[in-house]
Amino acid sequence: MGDTSGQGRQAGGTPRAALADLLAGNRRFVSGQPVHGHDVTAAAAAAAAASGDQQPYAVVLGCIDSRVPLEAIFDQTFGAICVIRTGGHVLDRAVCGSIEYVVGQLGVPLVLVLGHERCGAVGATVDALRSGVRPGGSLAHLVDEIAPAVTEAGLDDPAVQPLAIRRHVRRTVHTLRADDLLAGPVAAGRVAVVGGLYDLATGEVVLLDAG
Ligand SMILES: [Zn+2]
């Protein structure tokens with residue numbers, strides 16, 4: 001991966017170190033003691049990094065939910081993490097290609113898929129399956145991609161939404177681990193794809209699938 005790998009970052013270049021750094025940032029956020037402000041000096045510092053290139057150490061795929069701003073909840077500064085957000089962290093080719101770029105070209109060792117409680121995309125999928133009314137437009141893509149997790153969780157289960165949220169995170173993790181360009185690095189241990197869940201009330205991230 002040459003000189004564009006995560007070398008030089010305090011967290012080091014291993015998946016384990018990257019995950020530890022992310023979770024440490026979440027603990028700072030939860031405790032109300034973030035150290036990274038999102039001001040222009042941070043942007044300038046990132047732009048002035050010695051190599052001239054960005055050297056993020058993780059990529060986080062999360063939901064578009066306005067209550068889950070990823071850089072904030074992990075207390076990350078400019079240049080630290082790449083962030084991708086779609087409704088219900090649903091994958092498509094652009095998302096997968098972006099992750100492949102970050103892992104393959106920037107040498108990032110960690111992909112974190114972050115779901116969250118009370119996810120509206122999962123709720124909309126539950127509603128669509130219960131009513132039998134498939135939404136139109138590209139919204140149908142989100143519903144189609146989340147539907148298997150809802151079905152697995154059990155459409156008649158009163159707790160279907162929280163159960164489906166967790167299953168959908170795990171399904172997304174497993175899909176990414178099998179991705180054409182990610183499977184090799186994952187099997188070799190150079191890259192980890194892990195799942196997590198964000199608690200809207202406490203701000204805490206817990207891991208769902210770190211294996
Ligand atoms: Zn959501």
# chains A, B, ... in the order shown; residues from 1 in each chain; ligands from 1
>>> residues_near_ligand(ligand="ligand 1", cutoff="6 Å", atoms="only C-alpha atoms and all ligand atoms", output="ChimeraX atom specification")
/A:63,65,87-88,119-121
>>> residues_around(residues="range 148-165 of chain A", least_positions_apart="2", cutoff="9 Å", atoms="only C-alpha atoms", output="number ranges by chain")
A: 88, 115-119, 122-123, 125-126, 129-130, 144-146, 167-171, 197
>>> write_last_selection(atoms="C-alpha atoms", output="compact mmCIF listing (two decimals), in the first residue's frame")
# COMPACT_ATOMS: atom_id res chain seq x y z
CA GLY A 88 -30.10 3.00 6.77
CA GLY A 115 -26.53 1.55 12.75
CA HIS A 116 -28.62 3.41 15.29
CA GLU A 117 -31.69 2.96 17.42
CA ARG A 118 -35.04 4.14 16.01
CA CYS A 119 -33.72 4.18 12.45
CA VAL A 122 -35.74 0.46 8.97
CA GLY A 123 -39.08 1.72 10.30
CA THR A 125 -39.22 -0.83 5.60
CA VAL A 126 -41.29 -2.42 8.37
CA LEU A 129 -43.68 -4.82 4.32
CA ARG A 130 -46.65 -4.73 6.67
CA ASP A 144 -35.48 -3.66 -0.84
CA GLU A 145 -32.04 -3.69 0.75
CA ILE A 146 -33.31 -3.51 4.33
CA ARG A 167 -29.58 -7.71 11.81
CA HIS A 168 -29.21 -5.10 9.10
CA VAL A 169 -25.90 -3.93 10.56
CA ARG A 170 -24.62 -7.51 10.59
CA ARG A 171 -25.85 -8.16 7.05
CA LEU A 197 -24.85 0.52 17.11
>>> select_by_dssp(residues="range 11-157 of chain A", states="strand (DSSP E)", output="compact mmCIF listing (two decimals) with C-alpha atoms, in the first residue's frame")
# COMPACT_ATOMS: atom_id res chain seq x y z
CA ALA A 58 -10.89 4.52 9.35
CA VAL A 59 -13.97 4.71 7.19
CA VAL A 60 -17.35 4.87 8.87
CA LEU A 61 -20.55 4.01 7.01
CA GLY A 62 -23.59 5.34 8.81
CA CYS A 63 -27.16 6.52 8.35
CA ILE A 81 -11.90 9.45 9.13
CA CYS A 82 -13.74 9.05 5.86
CA VAL A 83 -17.50 9.17 6.27
CA ILE A 84 -20.19 7.70 4.06
CA ARG A 85 -23.83 8.14 4.93
CA THR A 86 -26.90 6.70 3.23
CA LEU A 110 -10.87 -0.33 9.40
CA VAL A 111 -14.42 -0.15 8.08
CA LEU A 112 -17.10 0.48 10.70
CA VAL A 113 -20.77 0.06 9.83
CA LEU A 114 -22.82 2.04 12.32
CA GLY A 115 -26.53 1.55 12.75
CA HIS A 116 -28.62 3.41 15.29
>>> select_by_dssp(residues="chain A", states="helix (DSSP H, G or I)", output="PyMOL selection string")
chain A and resi 2-4+15-30+40-47+70-73+87-89+93-104+120-131+139-153+160-177+183-187
